[in-house]
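This is model14.pdb. It holds PDB, C-alpha atoms and all ligand atoms.
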```pdb
ATOM      1  CA  MET A 202      79.385 120.745 112.803
ATOM      2  CA  LYS A 203      79.138 117.437 110.923
ATOM      3  CA  ILE A 204      82.459 115.591 110.988
ATOM      4  CA  ILE A 205      83.495 112.549 108.959
ATOM      5  CA  VAL A 206      86.466 110.505 110.182
ATOM      6  CA  THR A 207      88.061 108.048 107.751
ATOM      7  CA  GLY A 208      90.246 105.209 109.011
ATOM      8  CA  ALA A 209      88.057 105.353 112.127
ATOM      9  CA  ALA A 210      89.084 101.918 113.431
ATOM     10  CA  GLY A 211      92.798 102.764 113.433
ATOM     11  CA  MET A 212      94.745 103.984 116.439
ATOM     12  CA  LEU A 213      94.360 107.688 115.683
ATOM     13  CA  GLY A 214      90.913 107.353 114.086
ATOM     14  CA  ARG A 215      89.485 105.913 117.311
ATOM     15  CA  ALA A 216      90.939 108.759 119.373
ATOM     16  CA  VAL A 217      89.568 111.373 116.955
ATOM     17  CA  VAL A 218      86.067 109.866 116.959
ATOM     18  CA  ALA A 219      86.128 109.641 120.771
ATOM     19  CA  HIS A 220      87.342 113.214 121.226
ATOM     20  CA  CYS A 221      84.944 114.871 118.768
ATOM     21  CA  THR A 222      82.022 112.823 120.127
ATOM     22  CA  SER A 223      82.899 113.823 123.702
ATOM     23  CA  LEU A 224      82.570 117.466 122.630
ATOM     24  CA  GLY A 225      79.015 116.832 121.461
ATOM     25  CA  GLU A 226      79.829 117.044 117.742
ATOM     26  CA  SER A 227      77.952 114.968 115.208
ATOM     27  CA  VAL A 228      80.573 112.442 114.091
ATOM     28  CA  ALA A 229      80.362 109.724 111.462
ATOM     29  CA  GLY A 230      83.354 107.380 111.711
ATOM     30  CA  PHE A 231      84.056 105.135 108.723
ATOM     31  CA  ASP A 232      86.406 102.198 109.042
ATOM     32  CA  HIS A 233      88.171 100.675 106.047
ATOM     33  CA  HIS A 234      85.299  98.298 105.333
ATOM     34  CA  ALA A 235      82.645 101.039 105.495
ATOM     35  CA  LEU A 236      84.591 103.465 103.308
ATOM     36  CA  ASP A 237      87.662 102.689 101.244
ATOM     37  CA  ILE A 238      89.114 106.154 100.568
ATOM     38  CA  THR A 239      90.154 105.070  97.073
ATOM     39  CA  ASP A 240      86.556 104.176  96.125
ATOM     40  CA  GLU A 241      85.320 107.306  94.331
ATOM     41  CA  SER A 242      81.688 106.279  93.941
ATOM     42  CA  LYS A 243      81.333 105.253  97.587
ATOM     43  CA  LEU A 244      82.957 108.514  98.585
ATOM     44  CA  SER A 245      80.360 110.514  96.614
ATOM     45  CA  LEU A 246      77.574 108.516  98.229
ATOM     46  CA  VAL A 247      78.934 109.155 101.725
ATOM     47  CA  PHE A 248      79.217 112.889 101.038
ATOM     48  CA  GLU A 249      75.631 112.990  99.713
ATOM     49  CA  GLN A 250      74.365 111.184 102.807
ATOM     50  CA  GLU A 251      76.449 112.917 105.472
ATOM     51  CA  CYS A 252      76.896 116.478 104.097
ATOM     52  CA  PRO A 253      80.050 117.025 106.229
ATOM     53  CA  ASN A 254      81.609 120.398 107.122
ATOM     54  CA  LEU A 255      84.865 118.707 108.100
ATOM     55  CA  LEU A 256      86.641 115.494 107.126
ATOM     56  CA  ILE A 257      89.533 114.222 109.242
ATOM     57  CA  ASN A 258      91.484 111.629 107.277
ATOM     58  CA  CYS A 259      93.167 109.075 109.537
ATOM     59  CA  ALA A 260      93.153 106.349 106.860
ATOM     60  CA  ALA A 261      96.504 105.259 105.444
ATOM     61  CA  TRP A 262      98.527 102.195 104.646
ATOM     62  CA  THR A 263     100.885 102.460 107.615
ATOM     63  CA  ASP A 264     102.855  99.243 107.111
ATOM     64  CA  VAL A 265     106.179 100.889 106.259
ATOM     65  CA  ASP A 266     107.842  97.668 105.067
ATOM     66  CA  GLY A 267     104.699  96.555 103.216
ATOM     67  CA  CYS A 268     104.739  99.856 101.304
ATOM     68  CA  GLU A 269     108.380  99.298 100.345
ATOM     69  CA  LEU A 270     107.453  95.978  98.748
ATOM     70  CA  ASP A 271     104.306  97.244  97.018
ATOM     71  CA  PRO A 272     104.806 100.865  95.891
ATOM     72  CA  VAL A 273     101.762 100.826  93.619
ATOM     73  CA  ARG A 274      99.428  99.992  96.486
ATOM     74  CA  ALA A 275     101.184 102.545  98.724
ATOM     75  CA  GLN A 276     100.700 105.250  96.121
ATOM     76  CA  GLY A 277      97.068 104.282  95.586
ATOM     77  CA  ILE A 278      96.121 104.582  99.272
ATOM     78  CA  ASN A 279      98.531 107.184 100.653
ATOM     79  CA  ALA A 280      98.768 109.555  97.675
ATOM     80  CA  ARG A 281      95.654 109.089  95.541
ATOM     81  CA  GLY A 282      93.430 108.557  98.624
ATOM     82  CA  PRO A 283      93.966 112.044 100.132
ATOM     83  CA  GLU A 284      93.623 113.586  96.666
ATOM     84  CA  LEU A 285      90.196 111.976  96.195
ATOM     85  CA  LEU A 286      89.144 113.130  99.657
ATOM     86  CA  ALA A 287      90.322 116.667  98.846
ATOM     87  CA  ASP A 288      88.335 116.641  95.579
ATOM     88  CA  ALA A 289      85.219 115.533  97.440
ATOM     89  CA  CYS A 290      85.748 118.179 100.159
ATOM     90  CA  ARG A 291      86.211 120.921  97.559
ATOM     91  CA  ARG A 292      82.960 119.976  95.826
ATOM     92  CA  ALA A 293      81.143 119.986  99.179
ATOM     93  CA  GLY A 294      82.912 123.095 100.566
ATOM     94  CA  ALA A 295      84.113 121.020 103.534
ATOM     95  CA  GLN A 296      87.378 121.506 105.379
ATOM     96  CA  LEU A 297      89.933 118.676 105.091
ATOM     97  CA  ILE A 298      92.494 117.651 107.675
ATOM     98  CA  THR A 299      94.791 114.855 106.504
ATOM     99  CA  ILE A 300      97.528 113.235 108.566
ATOM    100  CA  SER A 301     101.072 112.854 107.324
ATOM    101  CA  THR A 302     104.307 111.644 108.813
ATOM    102  CA  ASP A 303     107.768 112.514 110.099
ATOM    103  CA  TYR A 304     109.038 109.931 107.563
ATOM    104  CA  VAL A 305     108.786 112.581 104.811
ATOM    105  CA  PHE A 306     112.218 113.701 106.099
ATOM    106  CA  ASP A 307     115.478 111.880 105.411
ATOM    107  CA  GLY A 308     116.759 112.045 108.990
ATOM    108  CA  ASP A 309     120.145 113.567 108.147
ATOM    109  CA  LYS A 310     119.514 116.800 110.041
ATOM    110  CA  ASP A 311     120.603 117.277 113.650
ATOM    111  CA  GLY A 312     117.870 118.783 115.768
ATOM    112  CA  PHE A 313     114.206 119.255 114.931
ATOM    113  CA  TYR A 314     112.533 119.306 111.549
ATOM    114  CA  THR A 315     110.198 122.256 111.043
ATOM    115  CA  GLN A 316     107.970 123.161 108.117
ATOM    116  CA  ARG A 317     110.913 125.145 106.714
ATOM    117  CA  ASP A 318     112.906 121.963 106.124
ATOM    118  CA  GLN A 319     112.768 120.334 102.732
ATOM    119  CA  PRO A 320     111.207 116.863 102.797
ATOM    120  CA  ASN A 321     113.330 114.138 101.241
ATOM    121  CA  PRO A 322     111.722 110.769 101.988
ATOM    122  CA  ARG A 323     113.921 107.684 101.848
ATOM    123  CA  SER A 324     111.139 105.095 101.989
ATOM    124  CA  VAL A 325     108.241 104.339  99.671
ATOM    125  CA  TYR A 326     105.901 104.964 102.622
ATOM    126  CA  GLY A 327     107.384 108.438 103.234
ATOM    127  CA  ALA A 328     107.304 109.283  99.524
ATOM    128  CA  SER A 329     103.689 108.168  99.159
ATOM    129  CA  LYS A 330     102.643 110.233 102.190
ATOM    130  CA  LEU A 331     104.475 113.311 100.859
ATOM    131  CA  GLU A 332     102.758 112.864  97.524
ATOM    132  CA  GLY A 333      99.447 112.624  99.408
ATOM    133  CA  GLU A 334     100.141 115.953 101.178
ATOM    134  CA  ARG A 335     100.903 117.672  97.898
ATOM    135  CA  ARG A 336      98.029 116.208  95.941
ATOM    136  CA  ALA A 337      95.511 117.090  98.658
ATOM    137  CA  GLN A 338      96.794 120.659  98.914
ATOM    138  CA  THR A 339      96.709 121.059  95.142
ATOM    139  CA  ALA A 340      93.187 119.652  94.868
ATOM    140  CA  TRP A 341      91.692 121.777  97.652
ATOM    141  CA  ALA A 342      93.086 125.001  99.101
ATOM    142  CA  ASN A 343      91.193 124.476 102.361
ATOM    143  CA  THR A 344      93.392 121.539 103.356
ATOM    144  CA  ILE A 345      95.273 121.246 106.617
ATOM    145  CA  VAL A 346      98.152 118.741 106.581
ATOM    146  CA  VAL A 347      99.272 117.523 109.990
ATOM    147  CA  ARG A 348     102.593 115.726 110.228
ATOM    148  CA  SER A 349     103.136 113.685 113.349
ATOM    149  CA  GLY A 350     105.402 110.888 114.517
ATOM    150  CA  TYR A 351     105.870 107.969 116.936
ATOM    151  CA  ILE A 352     102.099 107.989 117.611
ATOM    152  CA  PHE A 353     100.946 105.868 120.528
ATOM    153  CA  GLY A 354      97.543 105.111 122.005
ATOM    154  CA  SER A 355      95.082 102.299 122.386
ATOM    155  CA  GLY A 356      94.059 100.065 119.494
ATOM    156  CA  GLY A 357      96.007  99.222 116.374
ATOM    157  CA  THR A 358      99.457  97.714 116.618
ATOM    158  CA  ASN A 359     100.589  99.280 119.773
ATOM    159  CA  PHE A 360     104.292  99.247 120.603
ATOM    160  CA  LEU A 361     103.950 100.457 124.186
ATOM    161  CA  SER A 362     101.183  98.013 125.167
ATOM    162  CA  THR A 363     103.278  95.154 123.805
ATOM    163  CA  VAL A 364     106.298  96.384 125.753
ATOM    164  CA  VAL A 365     104.349  96.607 129.016
ATOM    165  CA  ALA A 366     102.579  93.261 128.533
ATOM    166  CA  ARG A 367     105.900  91.497 127.880
ATOM    167  CA  ALA A 368     107.626  93.157 130.822
ATOM    168  CA  ARG A 369     104.757  92.106 133.102
ATOM    169  CA  ARG A 370     105.544  88.508 132.088
ATOM    170  CA  GLY A 371     109.186  89.174 132.992
ATOM    171  CA  GLU A 372     110.310  88.956 129.348
ATOM    172  CA  SER A 373     113.116  91.171 128.115
ATOM    173  CA  LEU A 374     112.642  93.078 124.882
ATOM    174  CA  LYS A 375     114.618  94.862 122.235
ATOM    175  CA  ALA A 376     114.010  98.428 121.067
ATOM    176  CA  ILE A 377     115.914 100.667 118.666
ATOM    177  CA  GLY A 378     118.228 102.967 120.573
ATOM    178  CA  ASP A 379     119.988 104.935 117.841
ATOM    179  CA  SER A 380     117.184 106.778 116.066
ATOM    180  CA  LEU A 381     115.213 109.662 117.474
ATOM    181  CA  GLY A 382     111.638 110.838 117.118
ATOM    182  CA  THR A 383     109.055 112.886 118.983
ATOM    183  CA  PRO A 384     106.381 110.650 120.580
ATOM    184  CA  THR A 385     102.774 111.741 120.225
ATOM    185  CA  TYR A 386      99.841 110.500 122.291
ATOM    186  CA  ALA A 387      96.861 109.870 120.003
ATOM    187  CA  PRO A 388      94.272 111.558 122.282
ATOM    188  CA  HIS A 389      96.465 114.690 122.486
ATOM    189  CA  LEU A 390      96.860 114.707 118.717
ATOM    190  CA  ALA A 391      93.083 114.286 118.365
ATOM    191  CA  GLN A 392      92.510 117.348 120.579
ATOM    192  CA  ARG A 393      94.924 119.384 118.499
ATOM    193  CA  LEU A 394      93.302 118.299 115.223
ATOM    194  CA  TYR A 395      89.974 119.575 116.501
ATOM    195  CA  GLN A 396      91.574 122.883 117.572
ATOM    196  CA  LEU A 397      93.181 123.263 114.157
ATOM    197  CA  ALA A 398      89.774 122.772 112.555
ATOM    198  CA  GLN A 399      88.441 125.620 114.717
ATOM    199  CA  VAL A 400      91.311 127.947 113.832
ATOM    200  CA  ALA A 401      90.848 126.931 110.179
ATOM    201  CA  VAL A 402      94.115 128.237 108.750
ATOM    202  CA  PRO A 403      95.164 125.922 105.898
ATOM    203  CA  GLY A 404      98.795 124.831 105.730
ATOM    204  CA  ILE A 405     101.204 122.259 107.111
ATOM    205  CA  TYR A 406     101.460 121.729 110.865
ATOM    206  CA  HIS A 407     103.795 119.564 112.909
ATOM    207  CA  VAL A 408     101.983 118.123 115.924
ATOM    208  CA  VAL A 409     103.870 116.115 118.556
ATOM    209  CA  ASN A 410     104.131 116.026 122.339
ATOM    210  CA  SER A 411     106.693 118.486 123.654
ATOM    211  CA  GLY A 412     110.202 117.709 124.889
ATOM    212  CA  GLU A 413     113.468 116.762 123.270
ATOM    213  CA  GLY A 414     112.174 113.499 121.820
ATOM    214  CA  THR A 415     113.630 110.067 122.363
ATOM    215  CA  SER A 416     114.468 106.701 120.815
ATOM    216  CA  PHE A 417     112.165 103.663 120.944
ATOM    217  CA  GLU A 418     114.458 102.402 123.694
ATOM    218  CA  GLY A 419     113.903 105.558 125.784
ATOM    219  CA  PHE A 420     110.209 105.474 124.976
ATOM    220  CA  ALA A 421     109.919 101.850 126.161
ATOM    221  CA  ARG A 422     111.923 102.511 129.337
ATOM    222  CA  ARG A 423     109.670 105.441 130.217
ATOM    223  CA  ALA A 424     106.583 103.239 129.738
ATOM    224  CA  LEU A 425     107.997 100.547 132.037
ATOM    225  CA  GLU A 426     108.957 103.136 134.634
ATOM    226  CA  ALA A 427     105.396 104.605 134.525
ATOM    227  CA  ALA A 428     103.974 101.094 134.932
ATOM    228  CA  GLY A 429     106.221 100.421 137.945
ATOM    229  CA  LEU A 430     108.206  97.801 136.005
ATOM    230  CA  ASN A 431     111.906  97.221 135.532
ATOM    231  CA  GLY A 432     113.284  99.466 132.746
ATOM    232  CA  ALA A 433     116.383  97.255 132.521
ATOM    233  CA  LEU A 434     114.274  94.676 130.669
ATOM    234  CA  VAL A 435     114.676  96.901 127.585
ATOM    235  CA  GLU A 436     117.767  96.213 125.512
ATOM    236  CA  GLY A 437     118.800  98.908 123.027
ATOM    237  CA  ILE A 438     119.649  97.717 119.511
ATOM    238  CA  SER A 439     120.710  99.601 116.402
ATOM    239  CA  LEU A 440     118.384 100.431 113.530
ATOM    240  CA  GLY A 441     120.737  98.709 111.101
ATOM    241  CA  ALA A 442     120.621  95.447 113.047
ATOM    242  CA  LEU A 443     116.952  94.931 112.161
ATOM    243  CA  LYS A 444     117.569  94.678 108.401
ATOM    244  CA  ARG A 445     114.060  95.729 107.461
ATOM    245  CA  PRO A 446     113.068  96.300 103.837
ATOM    246  CA  ALA A 447     112.347 100.023 104.288
ATOM    247  CA  PRO A 448     114.899 102.569 105.494
ATOM    248  CA  ARG A 449     113.862 104.677 108.516
ATOM    249  CA  PRO A 450     115.136 108.172 109.331
ATOM    250  CA  ARG A 451     117.764 108.244 112.117
ATOM    251  CA  ASN A 452     116.281 111.499 113.320
ATOM    252  CA  SER A 453     112.708 112.528 112.626
ATOM    253  CA  ARG A 454     112.016 114.829 115.548
ATOM    254  CA  LEU A 455     109.426 117.456 114.659
ATOM    255  CA  ARG A 456     108.771 120.985 115.836
ATOM    256  CA  CYS A 457     106.071 123.370 114.646
ATOM    257  CA  VAL A 458     106.788 126.967 113.655
ATOM    258  CA  LEU A 459     103.098 127.830 113.198
ATOM    259  CA  SER A 460     101.154 126.564 116.208
ATOM    260  CA  GLN A 461     102.261 129.208 118.682
ATOM    261  CA  ALA A 462     101.707 131.958 116.141
ATOM    262  CA  ILE A 463      98.049 130.980 115.909
ATOM    263  CA  GLY A 464      97.668 130.831 119.693
ATOM    264  CA  LEU A 465      98.013 127.087 120.344
ATOM    265  CA  GLU A 466      99.848 126.009 123.493
ATOM    266  CA  PRO A 467     102.468 123.235 123.258
ATOM    267  CA  LEU A 468     101.065 119.764 123.975
ATOM    268  CA  PRO A 469     102.120 118.109 127.274
ATOM    269  CA  SER A 470     105.578 116.528 127.446
ATOM    270  CA  TRP A 471     105.896 113.066 125.913
ATOM    271  CA  GLN A 472     106.974 111.697 129.314
ATOM    272  CA  ASP A 473     103.724 112.912 130.918
ATOM    273  CA  ALA A 474     101.782 111.620 127.931
ATOM    274  CA  VAL A 475     103.292 108.138 128.346
ATOM    275  CA  GLY A 476     102.309 108.289 132.033
ATOM    276  CA  GLU A 477      98.758 109.205 131.016
ATOM    277  CA  PHE A 478      98.669 106.350 128.508
ATOM    278  CA  ILE A 479      99.854 103.821 131.090
ATOM    279  CA  ALA A 480      97.275 105.076 133.615
ATOM    280  CA  ASN A 481      94.358 105.115 131.134
ATOM    281  CA  ASP A 482      94.934 102.774 128.234
ATOM    282  CA  SER A 483      97.553 100.181 128.977
ATOM    283  CA  PRO A 484      96.382  96.561 129.530
TER     284      PRO A 484
HETATM  285  N1  LIG B 501     101.520 105.301 113.973
HETATM  286  C1  LIG B 501     102.483 106.192 113.843
HETATM  287  O1  LIG B 501     103.490 106.166 114.559
HETATM  288  C2  LIG B 501     102.365 107.296 112.828
HETATM  289  C3  LIG B 501     103.428 108.212 112.735
HETATM  290  C4  LIG B 501     103.316 109.278 111.851
HETATM  291  C5  LIG B 501     102.173 109.437 111.087
HETATM  292  N2  LIG B 501     101.171 108.505 111.159
HETATM  293  C6  LIG B 501      99.975 108.720 110.321
HETATM  294  O2  LIG B 501      98.862 108.850 111.197
HETATM  295  C7  LIG B 501      97.688 108.401 110.521
HETATM  296  C8  LIG B 501      96.947 107.407 111.405
HETATM  297  O3  LIG B 501      97.788 106.278 111.602
HETATM  298  P1  LIG B 501      97.528 105.184 112.729
HETATM  299  O4  LIG B 501      98.750 105.112 113.548
HETATM  300  O5  LIG B 501      96.211 105.406 113.367
HETATM  301  O6  LIG B 501      97.510 103.886 111.810
HETATM  302  P2  LIG B 501      96.565 102.595 111.804
HETATM  303  O7  LIG B 501      96.252 102.195 113.210
HETATM  304  O8  LIG B 501      97.230 101.647 110.879
HETATM  305  O9  LIG B 501      95.228 103.156 111.142
HETATM  306  C9  LIG B 501      95.091 103.367 109.758
HETATM  307  C10 LIG B 501      93.707 102.906 109.374
HETATM  308  O10 LIG B 501      93.500 103.168 107.978
HETATM  309  C11 LIG B 501      92.777 102.079 107.442
HETATM  310  N3  LIG B 501      92.936 102.004 105.991
HETATM  311  C12 LIG B 501      93.957 101.485 105.279
HETATM  312  N4  LIG B 501      93.725 101.610 103.967
HETATM  313  C13 LIG B 501      92.517 102.225 103.841
HETATM  314  C14 LIG B 501      91.729 102.621 102.740
HETATM  315  N5  LIG B 501      92.115 102.423 101.472
HETATM  316  N6  LIG B 501      90.535 103.227 102.976
HETATM  317  C15 LIG B 501      90.116 103.424 104.249
HETATM  318  N7  LIG B 501      90.813 103.065 105.341
HETATM  319  C16 LIG B 501      92.017 102.478 105.142
HETATM  320  C17 LIG B 501      93.324 100.853 108.151
HETATM  321  O11 LIG B 501      92.385  99.810 108.081
HETATM  322  P3  LIG B 501      92.906  98.274 107.873
HETATM  323  O12 LIG B 501      93.917  98.049 108.948
HETATM  324  O13 LIG B 501      91.642  97.499 108.028
HETATM  325  O14 LIG B 501      93.483  98.237 106.494
HETATM  326  C18 LIG B 501      93.501 101.393 109.584
HETATM  327  O15 LIG B 501      92.338 101.181 110.364
HETATM  328  C19 LIG B 501      98.160 107.846 109.173
HETATM  329  O16 LIG B 501      98.019 108.844 108.210
HETATM  330  C20 LIG B 501      99.635 107.580 109.397
HETATM  331  O17 LIG B 501     100.362 107.649 108.191
HETATM  332  C21 LIG B 501     101.235 107.434 112.016
END
```

Could you spell out this file's structure in C-alpha cells?
Amino acid sequence: MKIIVTGAAGMLGRAVVAHCTSLGESVAGFDHHALDITDESKLSLVFEQECPNLLINCAAWTDVDGCELDPVRAQGINARGPELLADACRRAGAQLITISTDYVFDGDKDGFYTQRDQPNPRSVYGASKLEGERRAQTAWANTIVVRSGYIFGSGGTNFLSTVVARARRGESLKAIGDSLGTPTYAPHLAQRLYQLAQVAVPGIYHVVNSGEGTSFEGFARRALEAAGLNGALVEGISLGALKRPAPRPRNSRLRCVLSQAIGLEPLPSWQDAVGEFIANDSP
C-alpha cells in the first residue's frame, strides 16, 4: 500500500507516519511546507508522483482562537482543504481518511456524543471542521471521517509535556476543571486509523481512549501521578475564567456506535494511555 500523510509534522501526523512505517508500509509524509493542502496544483503533482492508495489527512488549522479571529482562513484550510483532498483521492481511486473534532458538538448534552447526535458547533474552528467533513464526504464516497478529542502525544503544542515539565520545576499550574472530554493518545489513534483503512467502510467514526473521560484538570493530575509528581500542583479553574475568543464545549466526550460492529476492540483506557505517554514520550 502507498500511503500519503498530510500535516506530517503535527502531533498526530508524526504518530501516523511512525506507525504506518513500523508496519513496513510505503509512507510519504508531507509537512505544511512540502504540501499545503489548499494548493491544488501541488496536490495534483504529489498524486502524480506518489500514486497513493490511501491518504490520511492530519493537516488542519488547530488554533481554535486563531480560527475565531480569522474565519476565512479557517474555512480555507479546514473546510476547503479536505474537499480538495477528497477530489484528488476520487480522481486517483484512493481511500481518504480525514480527522475531525469533538468541537463539532455544542457541549449541551450530558453523557457521550455518538454519531447519532446532531453536530452544532459553537466555534468557528468547530464549524470549519464540520464543513470539512461534509465537503469531503460529498466529494468522495470513499471517505472515512474520524472525530477525536483531547489528543495528546509527542511533538506539537503538548499540554501534558508542559504540565510535567513545570511540575518538575516545582511550579504550580492551572487547568480547566469544569469541562469534560475523552483524551486520546496519538499513537493509539494512529493504530486505529490504520485499522479503519483495512476495514475500509466509509462513514463517520469516533475514536478516543476508553473510560468515562475527564477534565483538563483530571488529565493533568493523572499525568503528574504517572510521573511520580505531586498532583496537588494542579489548580482547577473554570472555562469561563479564561475569557478566550472562541467558545469551547463544556462536554465533548465521544463514543463510537460503529467500531464494535465492525470488529474493533475499544482502545486502552485514557489513564493507561497517559501512563504510556509519560513512560515513552514525556521529557
Ligand atoms: N489536538 C487535539 O486535541 C485535537 C482534538 C480533536 C481533533 N483534532 C484534529 O486532529 C488533527 C491533527 O491535529 P494535531 O493535534 O496533530 O494538530 P497539529 O499538531 O497542529 O498539526 C496540524 C498540522 O497541520 C499543518 N497545517 C496547517 N495548515 C496546513 C495546510 N494548509 N496544509 C498542510 N498542512 C497544514 C500544521 O503545520 P504548521 O503548524 O506548520 O502550520 C501542523 O503541522 C486535526 O485535524 C485536528 O483538527 C485535534

Carefully work through the PyMOL selection byres (((chain A and resi 258) around 6) and not hetatm) for this structure and note down the residues it includes, as a ChimeraX atom specification. /A:206-207,257,259-260,299

Kindly export the residues of the current selection with C-alpha atoms, as a compact mmCIF listing (two decimals), in the frame of the given file.
```txt
# COMPACT_ATOMS: atom_id res chain seq x y z
CA VAL A 206 86.47 110.50 110.18
CA THR A 207 88.06 108.05 107.75
CA ILE A 257 89.53 114.22 109.24
CA CYS A 259 93.17 109.08 109.54
CA ALA A 260 93.15 106.35 106.86
CA THR A 299 94.79 114.86 106.50
```

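Across A:Ala219, A:Val346, A:Ala229, A:Ala209, the tightest approach to ligand LIG 501 (chain B) is made by A:Ala209 when counting only C-alpha atoms and all ligand atoms.
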
Which residues match the PyMOL selection byres (((not hetatm)) within 9 of (chain B and resi 501)) in the file above, as JSON, numbers by chain? {"A": [207, 208, 209, 210, 211, 212, 213, 214, 215, 216, 231, 232, 233, 234, 235, 236, 237, 238, 239, 240, 258, 259, 260, 261, 262, 263, 264, 277, 278, 279, 282, 299, 300, 301, 302, 303, 304, 326, 327, 330, 347, 348, 349, 350, 351, 352, 353, 354, 356, 357, 358, 359, 384, 385, 387]}

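The smallest atom-to-atom distance between Pro467 (chain A) and any of A:Ala287, A:Val400, A:Ala293, A:Val408, using all atoms listed in the file, is found for A:Val408.
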
Box for region 271-278 of chain A: with edges along x, y and z, all listed atoms inside and 4 Å added on each side, what are the centre and edge lengths in Å to one decimal, as AutoDock Vina command-line options?
```
--center_x 100.5 --center_y 101.2 --center_z 96.4 --size_x 16.7 --size_y 16.0 --size_z 13.7
```

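Atom to atom, CA of Gly371 (chain A) and CA of Val435 (chain A) stand 10.9 Å apart.
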
Written as a ChimeraX atom specification, which residues does the PyMOL selection byres (((chain A and resi 319) around 12) and not hetatm) give for the file shown? /A:303,305-310,314-318,320-322,331

Across A:Ala328, A:Asn452, A:Ser362, A:Arg367, the smallest distance to Val265 (chain A), with only C-alpha atoms counted, is shown by A:Ala328

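The coordinates place CA of Ala340 (chain A) at 5.8 Å from CA of Asp288 (chain A).
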
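In this comparison, which uses all atoms listed in the file, the residue of A:Val217, A:Leu224, A:Ile204, A:Ala368 approaching Leu425 (chain A) most closely is A:Ala368.
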
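One distance worth recording is that between CA of Ala433 (chain A) and CA of Val364 (chain A), which is 12.2 Å.
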
Select, from A:Trp341, A:Ala424, A:Ile463, A:Glu284, the residue with the minimum atom-to-atom distance to Thr363 (chain A), counting only C-alpha atoms. A:Ala424

Pro469 (chain A) proximity check over A:Phe248, A:Phe417, A:Tyr386, A:Tyr406, using all atoms listed in the file: winner is A:Tyr386

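Taking only C-alpha atoms into account, the protein, DNA and RNA residues within 8 Å of (109.5, 107.3, 129.7) read A:Gly419, A:Phe420, A:Ala421, A:Arg422, A:Arg423, A:Ala424, A:Leu425, A:Glu426, A:Ala427, A:Trp471, A:Gln472, A:Val475, A:Gly476.
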
Please list as a list in words every residue within 10 Å of Gln338 (chain A), counting only C-alpha atoms and excluding residues in the same chain fewer than 4 positions away. Pro283, Glu284, Ala287, Asp288, Leu297, Thr299, Glu332, Gly333, Glu334, Ala342, Asn343, Thr344, Ile345, Val346, Pro403, Gly404 and Ile405 of chain A

Enumerate, as a PDB file with C-alpha atoms, in the coordinates of the input, the protein, DNA and RNA residues whose atoms approach (108.9, 98.3, 98.8) to within 10 Å, taking into account all atoms listed in the file and the coordinate frame of the file.
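Now in part.pdb:
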```
ATOM      1  CA  VAL A 265     106.179 100.889 106.259  1.00  0.00           C
ATOM      2  CA  ASP A 266     107.842  97.668 105.067  1.00  0.00           C
ATOM      3  CA  GLY A 267     104.699  96.555 103.216  1.00  0.00           C
ATOM      4  CA  CYS A 268     104.739  99.856 101.304  1.00  0.00           C
ATOM      5  CA  GLU A 269     108.380  99.298 100.345  1.00  0.00           C
ATOM      6  CA  LEU A 270     107.453  95.978  98.748  1.00  0.00           C
ATOM      7  CA  ASP A 271     104.306  97.244  97.018  1.00  0.00           C
ATOM      8  CA  PRO A 272     104.806 100.865  95.891  1.00  0.00           C
ATOM      9  CA  VAL A 273     101.762 100.826  93.619  1.00  0.00           C
ATOM     10  CA  ARG A 274      99.428  99.992  96.486  1.00  0.00           C
ATOM     11  CA  ALA A 275     101.184 102.545  98.724  1.00  0.00           C
ATOM     12  CA  SER A 324     111.139 105.095 101.989  1.00  0.00           C
ATOM     13  CA  VAL A 325     108.241 104.339  99.671  1.00  0.00           C
ATOM     14  CA  TYR A 326     105.901 104.964 102.622  1.00  0.00           C
ATOM     15  CA  PRO A 446     113.068  96.300 103.837  1.00  0.00           C
ATOM     16  CA  ALA A 447     112.347 100.023 104.288  1.00  0.00           C
ATOM     17  CA  PRO A 448     114.899 102.569 105.494  1.00  0.00           C
TER      18      PRO A 448
END
```

What does region 280-289 of chain A look like written to a file with N, CA and C atoms, as a CSV table (one decimal), in the first residue's frame?
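Wrote it out as result23.csv, contents follow:
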```
chain,number,residue,atom,x,y,z
A,280,ALA,N,-12.0,23.5,5.8
A,280,ALA,CA,-13.2,23.0,5.0
A,280,ALA,C,-12.8,22.8,3.6
A,281,ARG,N,-12.2,23.8,2.9
A,281,ARG,CA,-11.8,23.6,1.5
A,281,ARG,C,-10.7,22.6,1.4
A,282,GLY,N,-9.8,22.5,2.4
A,282,GLY,CA,-8.6,21.6,2.3
A,282,GLY,C,-9.1,20.2,2.1
A,283,PRO,N,-9.9,19.6,3.1
A,283,PRO,CA,-10.4,18.3,2.9
A,283,PRO,C,-11.1,18.0,1.7
A,284,GLU,N,-11.9,19.0,1.2
A,284,GLU,CA,-12.6,18.8,-0.1
A,284,GLU,C,-11.7,18.6,-1.2
A,285,LEU,N,-10.6,19.4,-1.3
A,285,LEU,CA,-9.6,19.3,-2.4
A,285,LEU,C,-8.9,17.9,-2.3
A,286,LEU,N,-8.6,17.5,-1.1
A,286,LEU,CA,-8.0,16.2,-0.9
A,286,LEU,C,-9.0,15.1,-1.4
A,287,ALA,N,-10.2,15.2,-1.0
A,287,ALA,CA,-11.2,14.2,-1.5
A,287,ALA,C,-11.4,14.2,-3.0
A,288,ASP,N,-11.4,15.4,-3.6
A,288,ASP,CA,-11.4,15.4,-5.1
A,288,ASP,C,-10.2,14.7,-5.7
A,289,ALA,N,-9.0,14.9,-5.1
A,289,ALA,CA,-7.8,14.3,-5.7
A,289,ALA,C,-7.9,12.8,-5.4
```
